[in-house]
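*Asks:* Data: coords.txt, compact mmCIF, C-alpha atoms and all ligand atoms.
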```txt
# COMPACT_ATOMS: atom_id res chain seq x y z
CA MET D 150 3.79 13.87 -37.77
CA ASP D 151 6.90 15.13 -39.54
CA THR D 152 9.38 16.32 -36.92
CA GLY D 153 11.67 18.61 -38.89
CA LYS D 154 15.43 18.36 -39.00
CA TYR D 155 16.31 19.74 -35.59
CA PHE D 156 13.37 18.68 -33.52
CA ARG D 157 11.84 15.49 -32.20
CA GLN D 158 8.32 15.07 -31.03
CA VAL D 159 7.89 14.09 -27.38
CA ASN D 160 4.80 12.56 -25.81
CA LEU D 161 3.50 13.67 -22.44
CA PRO D 162 0.81 11.88 -20.41
CA GLU D 163 -1.25 15.09 -20.23
CA GLN D 164 -1.55 15.47 -24.03
CA LYS D 165 -4.84 14.88 -25.82
CA GLN D 166 -5.17 13.21 -29.18
CA TYR D 167 -8.29 13.92 -31.22
CA ASP D 168 -9.99 11.87 -33.92
CA ASP D 169 -8.91 14.34 -36.62
CA GLY D 170 -5.26 13.58 -35.77
CA VAL D 171 -4.67 16.74 -33.76
CA ILE D 172 -2.22 16.30 -30.88
CA PHE D 173 -2.69 18.90 -28.18
CA PRO D 174 -0.30 20.38 -27.37
CA VAL D 175 2.55 19.37 -29.65
CA VAL D 176 5.77 19.01 -27.64
CA LEU D 177 9.12 19.42 -29.40
CA SER D 178 12.56 18.71 -27.95
CA PRO D 179 16.06 18.89 -29.45
CA ASN D 180 16.74 16.12 -31.92
CA THR D 181 19.77 14.16 -30.76
CA ASN D 182 19.90 11.98 -33.88
CA PHE D 183 21.45 14.60 -36.09
CA ASP D 184 25.14 15.35 -36.23
CA CYS D 185 24.58 19.07 -36.22
CA ASN D 186 25.69 19.68 -32.61
CA PHE D 187 22.08 20.24 -31.75
CA THR D 188 21.77 18.35 -28.50
CA ALA D 189 20.21 19.06 -25.12
CA GLU D 190 23.48 20.79 -24.21
CA ALA D 191 23.37 22.92 -27.32
CA LYS D 192 23.89 26.63 -27.17
CA GLU D 193 20.96 28.99 -27.28
CA SER D 194 22.23 30.30 -30.62
CA ASP D 195 21.71 26.81 -32.12
CA PHE D 196 18.07 26.96 -31.06
CA LYS D 197 17.69 30.30 -32.78
CA GLU D 198 19.28 28.94 -35.95
CA ALA D 199 16.99 25.89 -35.84
CA ILE D 200 13.96 28.14 -35.49
CA LYS D 201 15.01 30.25 -38.44
CA ALA D 202 15.68 27.15 -40.56
CA GLU D 203 12.36 25.51 -39.68
CA LYS D 204 10.14 28.55 -39.24
CA GLN D 205 7.73 27.63 -42.00
CA TRP D 206 7.30 24.13 -40.68
CA ILE D 207 6.81 25.35 -37.09
CA GLU D 208 4.22 27.86 -38.27
CA SER D 209 2.33 25.16 -40.12
CA LEU D 210 2.23 23.13 -36.89
CA VAL D 211 0.92 26.00 -34.82
CA ASP D 212 -1.72 26.74 -37.47
CA LYS D 213 -2.92 23.16 -37.37
CA TYR D 214 -2.34 22.02 -33.78
CA GLY D 215 -2.75 25.28 -31.87
CA VAL D 216 0.10 25.00 -29.37
CA ILE D 217 3.75 23.97 -29.47
CA LEU D 218 5.65 23.46 -26.27
CA PHE D 219 9.43 23.61 -26.77
CA ARG D 220 10.98 21.63 -23.94
CA GLY D 221 14.61 20.94 -23.18
CA PHE D 222 16.12 23.83 -25.11
CA PRO D 223 18.80 26.06 -23.63
CA VAL D 224 16.62 29.07 -22.83
CA LYS D 225 17.54 30.30 -19.37
CA SER D 226 16.84 34.00 -19.05
CA ALA D 227 14.37 36.63 -20.17
CA SER D 228 16.95 37.86 -22.63
CA ASP D 229 17.40 34.34 -24.10
CA PHE D 230 13.63 34.22 -24.45
CA ASN D 231 13.61 37.58 -26.19
CA ASP D 232 16.19 36.20 -28.66
CA VAL D 233 13.95 33.19 -29.33
CA VAL D 234 10.93 35.42 -29.98
CA GLU D 235 13.05 37.59 -32.30
CA ALA D 236 14.23 34.50 -34.17
CA PHE D 237 10.64 33.74 -35.15
CA GLY D 238 10.35 37.24 -36.55
CA PHE D 239 6.60 37.65 -36.04
CA PRO D 240 5.73 41.35 -35.80
CA GLU D 241 5.24 42.63 -32.26
CA ILE D 242 1.82 43.84 -31.16
CA GLU D 243 1.46 46.78 -28.83
CA TYR D 244 -0.63 45.95 -25.78
CA VAL D 245 -2.94 48.94 -26.38
CA GLY D 246 -6.26 48.51 -24.61
CA GLY D 247 -5.05 45.35 -22.85
CA ARG D 248 -6.35 44.78 -19.34
CA ALA D 249 -3.75 42.73 -17.54
CA PRO D 250 -1.24 44.60 -15.41
CA ARG D 251 2.14 43.77 -16.97
CA THR D 252 5.63 45.14 -16.81
CA LYS D 253 8.31 45.12 -19.44
CA VAL D 254 11.25 42.87 -18.65
CA VAL D 255 13.45 43.17 -21.72
CA GLY D 256 12.97 43.83 -25.45
CA ARG D 257 9.52 42.51 -26.32
CA VAL D 258 9.20 40.38 -23.18
CA TYR D 259 6.74 41.24 -20.41
CA THR D 260 5.53 39.65 -17.21
CA ALA D 261 2.46 37.57 -18.04
CA ASN D 262 0.15 39.05 -15.41
CA GLU D 263 1.17 40.91 -12.25
CA SER D 264 -1.95 40.01 -10.30
CA PRO D 265 -1.44 37.86 -7.17
CA PRO D 266 -0.32 34.41 -8.37
CA GLU D 267 -2.68 32.67 -5.95
CA ASN D 268 -5.58 34.05 -8.02
CA ARG D 269 -6.93 32.11 -10.95
CA VAL D 270 -6.99 33.70 -14.39
CA PRO D 271 -10.02 32.32 -16.26
CA PHE D 272 -9.89 30.95 -19.83
CA HIS D 273 -9.54 33.64 -22.46
CA HIS D 274 -8.22 34.47 -25.88
CA GLU D 275 -5.70 37.25 -25.37
CA MET D 276 -7.45 40.59 -26.02
CA SER D 277 -10.65 39.05 -27.38
CA TYR D 278 -12.27 42.43 -26.66
CA VAL D 279 -10.38 44.24 -29.45
CA PRO D 280 -10.91 43.70 -33.19
CA ASP D 281 -7.23 42.89 -33.88
CA ALA D 282 -6.30 40.48 -31.15
CA PRO D 283 -2.77 39.03 -31.20
CA SER D 284 -2.53 35.99 -33.44
CA LYS D 285 0.35 34.38 -31.56
CA LEU D 286 1.57 34.38 -27.97
CA PHE D 287 4.79 33.16 -26.48
CA PHE D 288 5.20 32.10 -22.87
CA PHE D 289 8.47 31.27 -21.17
CA CYS D 290 8.95 29.54 -17.85
CA GLU D 291 11.90 31.24 -16.20
CA GLN D 292 11.13 29.74 -12.81
CA GLU D 293 8.96 26.67 -12.64
CA PRO D 294 6.20 26.75 -10.03
CA GLY D 295 6.70 25.05 -6.67
CA LYS D 296 3.16 23.71 -7.04
CA GLY D 297 0.17 24.79 -9.16
CA GLY D 298 0.53 27.84 -11.40
CA GLN D 299 0.05 25.89 -14.65
CA THR D 300 -1.26 27.45 -17.85
CA PRO D 301 -4.26 25.31 -18.91
CA LEU D 302 -5.07 25.25 -22.62
CA VAL D 303 -8.19 24.39 -24.56
CA LEU D 304 -9.07 24.32 -28.25
CA SER D 305 -11.63 27.05 -28.74
CA HIS D 306 -13.74 25.38 -31.44
CA ILE D 307 -14.55 22.54 -29.06
CA ILE D 308 -16.20 25.05 -26.72
CA TYR D 309 -18.14 26.62 -29.59
CA ASP D 310 -19.27 23.24 -30.97
CA LYS D 311 -20.39 21.90 -27.58
CA MET D 312 -22.15 25.12 -26.61
CA LYS D 313 -23.95 25.24 -29.95
CA GLU D 314 -25.13 21.70 -29.43
CA LYS D 315 -26.48 22.47 -25.94
CA TYR D 316 -27.73 26.04 -26.35
CA PRO D 317 -28.54 26.55 -30.04
CA GLU D 318 -30.94 29.43 -29.41
CA PHE D 319 -28.59 31.33 -27.13
CA ILE D 320 -25.73 30.85 -29.59
CA ALA D 321 -27.88 32.11 -32.47
CA GLU D 322 -28.75 35.21 -30.44
CA VAL D 323 -25.11 35.90 -29.55
CA GLU D 324 -24.16 35.25 -33.16
CA GLU D 325 -26.68 37.81 -34.35
CA HIS D 326 -25.90 40.61 -31.90
CA GLY D 327 -22.27 40.11 -30.84
CA VAL D 328 -21.13 41.17 -27.39
CA LYS D 329 -20.21 44.37 -25.62
CA ASN D 330 -17.64 44.35 -22.83
CA VAL D 331 -17.60 46.98 -20.12
CA VAL D 332 -14.82 47.59 -17.66
CA VAL D 333 -13.88 50.40 -15.27
CA MET D 334 -10.22 51.37 -15.38
CA GLY D 335 -8.49 53.52 -12.79
CA ASP D 336 -5.75 55.87 -13.94
CA GLU D 337 -2.94 53.76 -12.46
CA ASP D 338 -2.33 50.00 -12.62
CA ASP D 339 -3.81 47.94 -9.82
CA SER D 340 -1.84 44.74 -9.64
CA SER D 341 -4.17 43.26 -7.02
CA ASN D 342 -6.66 42.66 -9.84
CA VAL D 343 -6.27 40.21 -12.77
CA GLY D 344 -7.69 42.85 -15.12
CA GLY D 345 -6.48 45.86 -13.13
CA ARG D 346 -4.54 47.79 -15.72
CA GLY D 347 -5.03 51.54 -15.53
CA TRP D 348 -6.07 53.57 -18.58
CA LYS D 349 -2.77 55.48 -18.69
CA SER D 350 -0.77 52.35 -19.34
CA ALA D 351 -3.56 50.67 -21.34
CA TYR D 352 -3.62 53.55 -23.82
CA MET D 353 0.03 54.52 -23.29
CA THR D 354 -0.66 58.16 -22.58
CA ASN D 355 -1.56 60.53 -19.74
CA ASP D 356 -3.76 62.54 -22.10
CA LYS D 357 -7.46 61.73 -22.00
CA LYS D 358 -8.05 62.90 -25.58
CA VAL D 359 -5.25 60.68 -26.91
CA ALA D 360 -6.64 57.77 -24.87
CA GLU D 361 -10.07 58.37 -26.44
CA GLU D 362 -8.59 58.35 -29.93
CA ARG D 363 -6.65 55.16 -29.34
CA ALA D 364 -9.70 53.50 -27.84
CA ALA D 365 -11.86 54.61 -30.77
CA LYS D 366 -9.47 52.89 -33.19
CA GLN D 367 -10.33 49.65 -31.40
CA GLY D 368 -14.05 50.38 -31.45
CA ALA D 369 -14.05 51.25 -27.74
CA LYS D 370 -15.78 54.19 -26.10
CA LEU D 371 -14.41 55.92 -23.00
CA GLU D 372 -16.68 57.64 -20.48
CA TRP D 373 -14.87 59.55 -17.75
CA MET D 374 -15.91 59.03 -14.17
CA HIS D 375 -14.90 60.83 -11.01
CA GLY D 376 -11.40 60.30 -9.64
CA ASN D 377 -9.86 59.99 -13.11
CA ALA D 378 -11.39 56.56 -13.63
CA VAL D 379 -12.95 55.65 -16.94
CA LYS D 380 -15.65 53.30 -18.12
CA VAL D 381 -14.51 51.46 -21.24
CA THR D 382 -17.16 49.93 -23.48
CA THR D 383 -15.97 47.83 -26.38
CA GLY D 384 -18.01 46.45 -29.20
CA PRO D 385 -20.35 45.08 -30.16
CA LEU D 386 -17.81 42.64 -31.48
CA PRO D 387 -18.44 39.17 -32.88
CA ALA D 388 -18.36 36.66 -30.03
CA PHE D 389 -17.38 33.86 -32.39
CA ARG D 390 -14.77 34.10 -35.10
CA PHE D 391 -14.01 31.87 -38.03
CA ASP D 392 -10.41 30.72 -38.34
CA LYS D 393 -9.73 30.24 -42.04
CA LYS D 394 -6.63 28.11 -41.57
CA SER D 395 -8.22 25.50 -39.31
CA GLN D 396 -11.71 26.04 -40.80
CA HIS D 397 -13.18 26.19 -37.29
CA LYS D 398 -15.49 28.60 -35.57
CA THR D 399 -14.03 29.71 -32.25
CA TRP D 400 -15.37 30.85 -28.87
CA PHE D 401 -13.73 34.27 -29.05
CA ASN D 402 -15.29 36.05 -26.10
CA ASN D 403 -15.33 36.56 -22.32
CA ILE D 404 -18.76 35.07 -21.71
CA ALA D 405 -17.46 32.38 -19.36
CA TYR D 406 -16.27 34.71 -16.64
CA THR D 407 -17.85 38.13 -16.96
CA LYS D 408 -20.81 39.47 -15.02
CA PRO D 409 -23.96 40.93 -16.55
CA VAL D 410 -24.01 44.72 -16.67
CA PRO D 411 -25.87 45.76 -13.46
CA LEU D 412 -29.35 47.17 -14.06
CA ASN D 413 -28.53 50.39 -12.24
CA GLY D 414 -25.34 50.92 -14.23
CA ILE D 415 -21.70 50.56 -13.33
CA ASN D 416 -20.00 52.39 -10.49
CA VAL D 417 -16.51 53.73 -10.29
CA ASP D 418 -15.68 51.02 -7.73
CA ASP D 419 -16.97 48.14 -9.86
CA HIS D 420 -13.69 46.65 -10.93
CA ASP D 421 -15.05 43.54 -12.60
CA THR D 422 -15.51 42.95 -16.30
CA TYR D 423 -19.10 43.07 -17.50
CA ILE D 424 -20.74 41.77 -20.61
CA GLU D 425 -24.00 42.19 -22.49
CA LEU D 426 -25.24 41.31 -25.93
CA GLY D 427 -24.84 43.92 -28.66
CA ASN D 428 -28.57 44.71 -28.40
CA GLY D 429 -28.34 45.13 -24.62
CA GLY D 430 -29.66 41.62 -24.01
CA LEU D 431 -28.54 39.48 -21.10
CA VAL D 432 -26.02 36.70 -21.34
CA SER D 433 -27.64 33.50 -20.13
CA ASP D 434 -26.44 32.64 -16.67
CA GLN D 435 -26.95 28.95 -17.28
CA ALA D 436 -25.01 29.01 -20.53
CA GLN D 437 -22.22 30.90 -18.81
CA LYS D 438 -21.86 28.24 -16.12
CA GLU D 439 -22.03 25.43 -18.65
CA CYS D 440 -19.35 27.07 -20.74
CA SER D 441 -16.91 27.21 -17.80
CA LYS D 442 -17.67 23.58 -17.06
CA ILE D 443 -16.91 22.49 -20.64
CA MET D 444 -13.64 24.43 -20.57
CA GLU D 445 -12.57 22.62 -17.40
CA GLU D 446 -13.53 19.24 -18.86
CA GLU D 447 -11.80 19.77 -22.19
CA CYS D 448 -8.61 21.55 -21.16
CA VAL D 449 -5.09 20.19 -21.01
CA VAL D 450 -2.85 21.08 -18.08
CA VAL D 451 0.86 20.47 -18.55
CA PRO D 452 3.03 21.45 -15.54
CA TRP D 453 5.72 24.01 -16.40
CA LYS D 454 9.41 23.05 -16.46
CA ASN D 455 12.29 25.51 -16.31
CA GLY D 456 13.20 26.73 -19.79
CA ASP D 457 9.88 25.78 -21.43
CA VAL D 458 8.87 28.04 -24.31
CA MET D 459 5.27 27.78 -25.46
CA LEU D 460 3.95 29.13 -28.74
CA VAL D 461 0.17 29.55 -28.67
CA ASN D 462 -2.07 30.23 -31.66
CA ASN D 463 -4.30 32.79 -29.97
CA LEU D 464 -6.86 32.57 -32.78
CA ILE D 465 -7.81 28.99 -31.96
CA VAL D 466 -6.69 28.33 -28.37
CA LEU D 467 -7.89 29.69 -25.02
CA HIS D 468 -5.52 29.81 -22.06
CA ALA D 469 -5.87 30.33 -18.31
CA ARG D 470 -3.71 30.39 -15.19
CA GLN D 471 -4.11 27.99 -12.29
CA PRO D 472 -3.64 29.42 -8.81
CA LEU D 473 -0.09 29.11 -7.53
CA LEU D 474 -0.12 26.77 -4.54
CA LYS D 475 3.56 26.97 -3.70
CA PRO D 476 5.96 29.70 -4.89
CA PRO D 477 8.11 30.58 -6.66
CA ARG D 478 6.85 30.97 -10.22
CA ARG D 479 7.92 33.27 -13.01
CA VAL D 480 6.31 32.97 -16.42
CA LEU D 481 6.98 35.68 -19.01
CA ALA D 482 5.06 36.50 -22.17
CA SER D 483 5.39 38.14 -25.56
CA LEU D 484 2.49 38.98 -27.88
CA CYS D 485 2.64 38.98 -31.68
CA LYS D 486 0.40 40.39 -34.38
FE FE2 Y 1 -3.57 35.76 -21.12
```
Here is a file; write its structure as structure tokens.

*Replies:*
Amino acid sequence: MDTGKYFRQVNLPEQKQYDDGVIFPVVLSPNTNFDCNFTAEAKESDFKEAIKAEKQWIESLVDKYGVILFRGFPVKSASDFNDVVEAFGFPEIEYVGGRAPRTKVVGRVYTANESPPENRVPFHHEMSYVPDAPSKLFFFCEQEPGKGGQTPLVLSHIIYDKMKEKYPEFIAEVEEHGVKNVVVMGDEDDSSNVGGRGWKSAYMTNDKKVAEERAAKQGAKLEWMHGNAVKVTTGPLPAFRFDKKSQHKTWFNNIAYTKPVPLNGINVDDHDTYIELGNGGLVSDQAQKECSKIMEEECVVVPWKNGDVMLVNNLIVLHARQPLLKPPRRVLASLCK
């Protein structure tokens, strides 16, 4: 693999290498062979310049390989991270309709998920339940975990391919009808829940009518419940998407971790995420379990190091969060169109 002028490729024991030549994830560190002052002790501004100079090349890597981990660069604070994200120049996406409770740190940098760090976040494509999901995500490790708290990664087409092989009929059914997601949102954020964002912050308004309009733009329907809660139904949306750049079909859905819509409907206190097929059909319980199993088998788990910046192609990679076993941990995120 070409390594660009300012970067060198680093190998980690956790990486996977596939038959088609894909290395997952790609890890880039400062190149010490060049006399451009770009060393491990380099200033953060040098990193920004390197990004700008090599942006096209970096983008081609993330299109092909799915994830780039930048390790060993002088990124120390949330504001440094914001500068790095800005240097890439990808347009920012507003987190409208998003479900994770998050708070803004600086610029376009947010906490990744405010829910208790000892809880696991299952594998997902960011915002797979809206038509225009972010295409790229950045993560930054401001404080590496004491133990646990990794961000596992898996190439989405592997899940699709393996599931299609094992459950061709179920996949054909899902392909035909798409999926609907249902979630109950309170009016305020509930950071005890992985998906506990309230509708006021999700739709960035206190006005129910405005929230309805913003939801409608994403193909979501809001039904008001007592106590200012709301039932949000999105879709049907395609559960699998075709990524033109990699020419792969991806597992772009929440099937692995959502519950079937209860037969007697959803209550105001049902704070889980529910799923059904676009025609109201049930998601196969067996397929759901198998899908989680394949994700665990196929994923890569690289422990975070202070200063790591990760660029994830959200169109072809699923990510998760391992439970934090020993604090501290602070991982920040930024989402791009
Ligand atoms: Fe996420």

*Asks:* Neighbours of segment 278-292 of chain D within 8 Å (all atoms listed in the file; same-chain residues fewer than 2 positions away dropped), as number ranges by chain?

*Replies:* D: 225-227, 230, 234, 242, 246, 261, 275-276, 294, 330, 367-368, 383-384, 386, 402-403, 453-464, 477-486

*Asks:* Okay, now the selection with C-alpha atoms, as an mmCIF file, in the frame of the given file?

*Replies:*
```
data_model
loop_
_atom_site.group_PDB
_atom_site.id
_atom_site.type_symbol
_atom_site.label_atom_id
_atom_site.label_comp_id
_atom_site.auth_asym_id
_atom_site.auth_seq_id
_atom_site.Cartn_x
_atom_site.Cartn_y
_atom_site.Cartn_z
ATOM 1 C CA LYS D 225 17.540 30.300 -19.370
ATOM 2 C CA SER D 226 16.840 34.000 -19.050
ATOM 3 C CA ALA D 227 14.370 36.630 -20.170
ATOM 4 C CA PHE D 230 13.630 34.220 -24.450
ATOM 5 C CA VAL D 234 10.930 35.420 -29.980
ATOM 6 C CA ILE D 242 1.820 43.840 -31.160
ATOM 7 C CA GLY D 246 -6.260 48.510 -24.610
ATOM 8 C CA ALA D 261 2.460 37.570 -18.040
ATOM 9 C CA GLU D 275 -5.700 37.250 -25.370
ATOM 10 C CA MET D 276 -7.450 40.590 -26.020
ATOM 11 C CA PRO D 294 6.200 26.750 -10.030
ATOM 12 C CA ASN D 330 -17.640 44.350 -22.830
ATOM 13 C CA GLN D 367 -10.330 49.650 -31.400
ATOM 14 C CA GLY D 368 -14.050 50.380 -31.450
ATOM 15 C CA THR D 383 -15.970 47.830 -26.380
ATOM 16 C CA GLY D 384 -18.010 46.450 -29.200
ATOM 17 C CA LEU D 386 -17.810 42.640 -31.480
ATOM 18 C CA ASN D 402 -15.290 36.050 -26.100
ATOM 19 C CA ASN D 403 -15.330 36.560 -22.320
ATOM 20 C CA TRP D 453 5.720 24.010 -16.400
ATOM 21 C CA LYS D 454 9.410 23.050 -16.460
ATOM 22 C CA ASN D 455 12.290 25.510 -16.310
ATOM 23 C CA GLY D 456 13.200 26.730 -19.790
ATOM 24 C CA ASP D 457 9.880 25.780 -21.430
ATOM 25 C CA VAL D 458 8.870 28.040 -24.310
ATOM 26 C CA MET D 459 5.270 27.780 -25.460
ATOM 27 C CA LEU D 460 3.950 29.130 -28.740
ATOM 28 C CA VAL D 461 0.170 29.550 -28.670
ATOM 29 C CA ASN D 462 -2.070 30.230 -31.660
ATOM 30 C CA ASN D 463 -4.300 32.790 -29.970
ATOM 31 C CA LEU D 464 -6.860 32.570 -32.780
ATOM 32 C CA PRO D 477 8.110 30.580 -6.660
ATOM 33 C CA ARG D 478 6.850 30.970 -10.220
ATOM 34 C CA ARG D 479 7.920 33.270 -13.010
ATOM 35 C CA VAL D 480 6.310 32.970 -16.420
ATOM 36 C CA LEU D 481 6.980 35.680 -19.010
ATOM 37 C CA ALA D 482 5.060 36.500 -22.170
ATOM 38 C CA SER D 483 5.390 38.140 -25.560
ATOM 39 C CA LEU D 484 2.490 38.980 -27.880
ATOM 40 C CA CYS D 485 2.640 38.980 -31.680
ATOM 41 C CA LYS D 486 0.400 40.390 -34.380
#
```

*Asks:* Measuring between all atoms listed in the file, which one of D:Val333, D:Val359, D:Val323, D:Ile217 shows the shortest distance to Leu431 of chain D?

*Replies:* D:Val323

*Asks:* What does the structure give for the distance between atom CA of Val175 of chain D and atom CA of Val159 of chain D, in Å to one decimal?

*Replies:*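 Computed distance, atom CA of Val175 of chain D to atom CA of Val159 of chain D, equals 7.8 Å.
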
*Asks:* Would you pick out the contacts of Ile443 of chain D at 9 Å or less, using only C-alpha atoms, so that residues sharing its chain but fewer than 6 positions from it are not included, and give the list as a list in words?

*Replies:*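 Surrounding residues, per the criterion: Ile307, Ile308, Lys311 and Met312 of chain D.
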
*Asks:* Counting only C-alpha atoms, what is within 10 Å of Asn160 of chain D, bar same-chain residues fewer than 5 positions away, as a ChimeraX atom specification?

*Replies:* /D:165,172,174-177

*Asks:* Report as number ranges by chain all protein, DNA and RNA residues lying within 10 Å of Glu322 of chain D, evaluated on all atoms listed in the file, omitting residues in the same chain fewer than 2 positions from it.

*Replies:* D: 317-320, 324-327, 426-428, 430, 432

*Asks:* For atom CA of Lys370 of chain D and atom CA of Asn342 of chain D, quote the distance in Å rounded to one decimal.

*Replies:*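 Between these atoms lies a distance of 21.9 Å.
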
*Asks:* Step by step: start from the point (-19.7, 28.5, -24.8) in the file's coordinates, keep every protein, DNA or RNA residue that has an atom no farther than 7 Å from it, count all atoms listed in the file, and write the set as a VMD selection string.

*Replies:* chain D and resid 308 to 309 312 400 436 to 437 440

*Asks:* Counting all atoms listed in the file, which residues come within 8 Å of (16.1, 19.6, -40.5), with the point read in the file's coordinates, and could you list them as a PyMOL selection string?

*Replies:* chain D and resi 153-156+199+202-203

*Asks:* Between D:Val303, D:Val254, D:Val211, D:Ala321, which residue has the minimum interatomic distance to Phe389 of chain D, considering only C-alpha atoms?

*Replies:*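 That would be D:Ala321, the residue with the smallest distance to Phe389 of chain D.
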
*Asks:* So what do you get for atom CA of Lys201 of chain D versus atom CA of Thr260 of chain D, distance-wise?

*Replies:*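 Distance between the two atoms: 25.1 Å.
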
*Asks:* From the set D:Leu474, D:Val270, D:Val332, D:Val255, which residue has the shortest atom-to-atom contact distance to ligand FE2 1 (chain Y), counting only C-alpha atoms and all ligand atoms?

*Replies:*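 Comparing D:Leu474, D:Val270, D:Val332, D:Val255 against ligand FE2 1 (chain Y), the winner is D:Val270.
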
*Asks:* Kindly provide, as lines of an AutoDock Vina configuration file, the centre and edge lengths (Å, one decimal) of an axis-aligned box around all atoms of segment 219-231 of chain D given in the file, with 5 Å on each side.

*Replies:*
```
center_x = 14.1
center_y = 29.4
center_z = -22.9
size_x = 19.4
size_y = 26.9
size_z = 17.7
```

*Asks:* For Ser350 of chain D, which residue out of D:Glu243, D:Asp421, D:Asp169, D:Glu445 is the nearest one, using all atoms listed in the file?

*Replies:*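 Once distances to Ser350 of chain D are computed over all atoms listed in the file, the minimum belongs to D:Glu243.
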
*Asks:* Tell me which of D:Leu302, D:Val216, D:Val245, D:Val379 sits closest to ligand FE2 1 (chain Y), counting all atoms listed in the file.

*Replies:*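 Of D:Leu302, D:Val216, D:Val245, D:Val379, the one nearest ligand FE2 1 (chain Y) is D:Leu302, counting all atoms listed in the file.
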
*Asks:* For ligand FE2 1 (chain Y), which residue out of D:Phe173, D:Tyr352, D:Phe401, D:Phe272 is the nearest one, using all atoms listed in the file?

*Replies:*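 The closest residue to ligand FE2 1 (chain Y) is D:Phe272.
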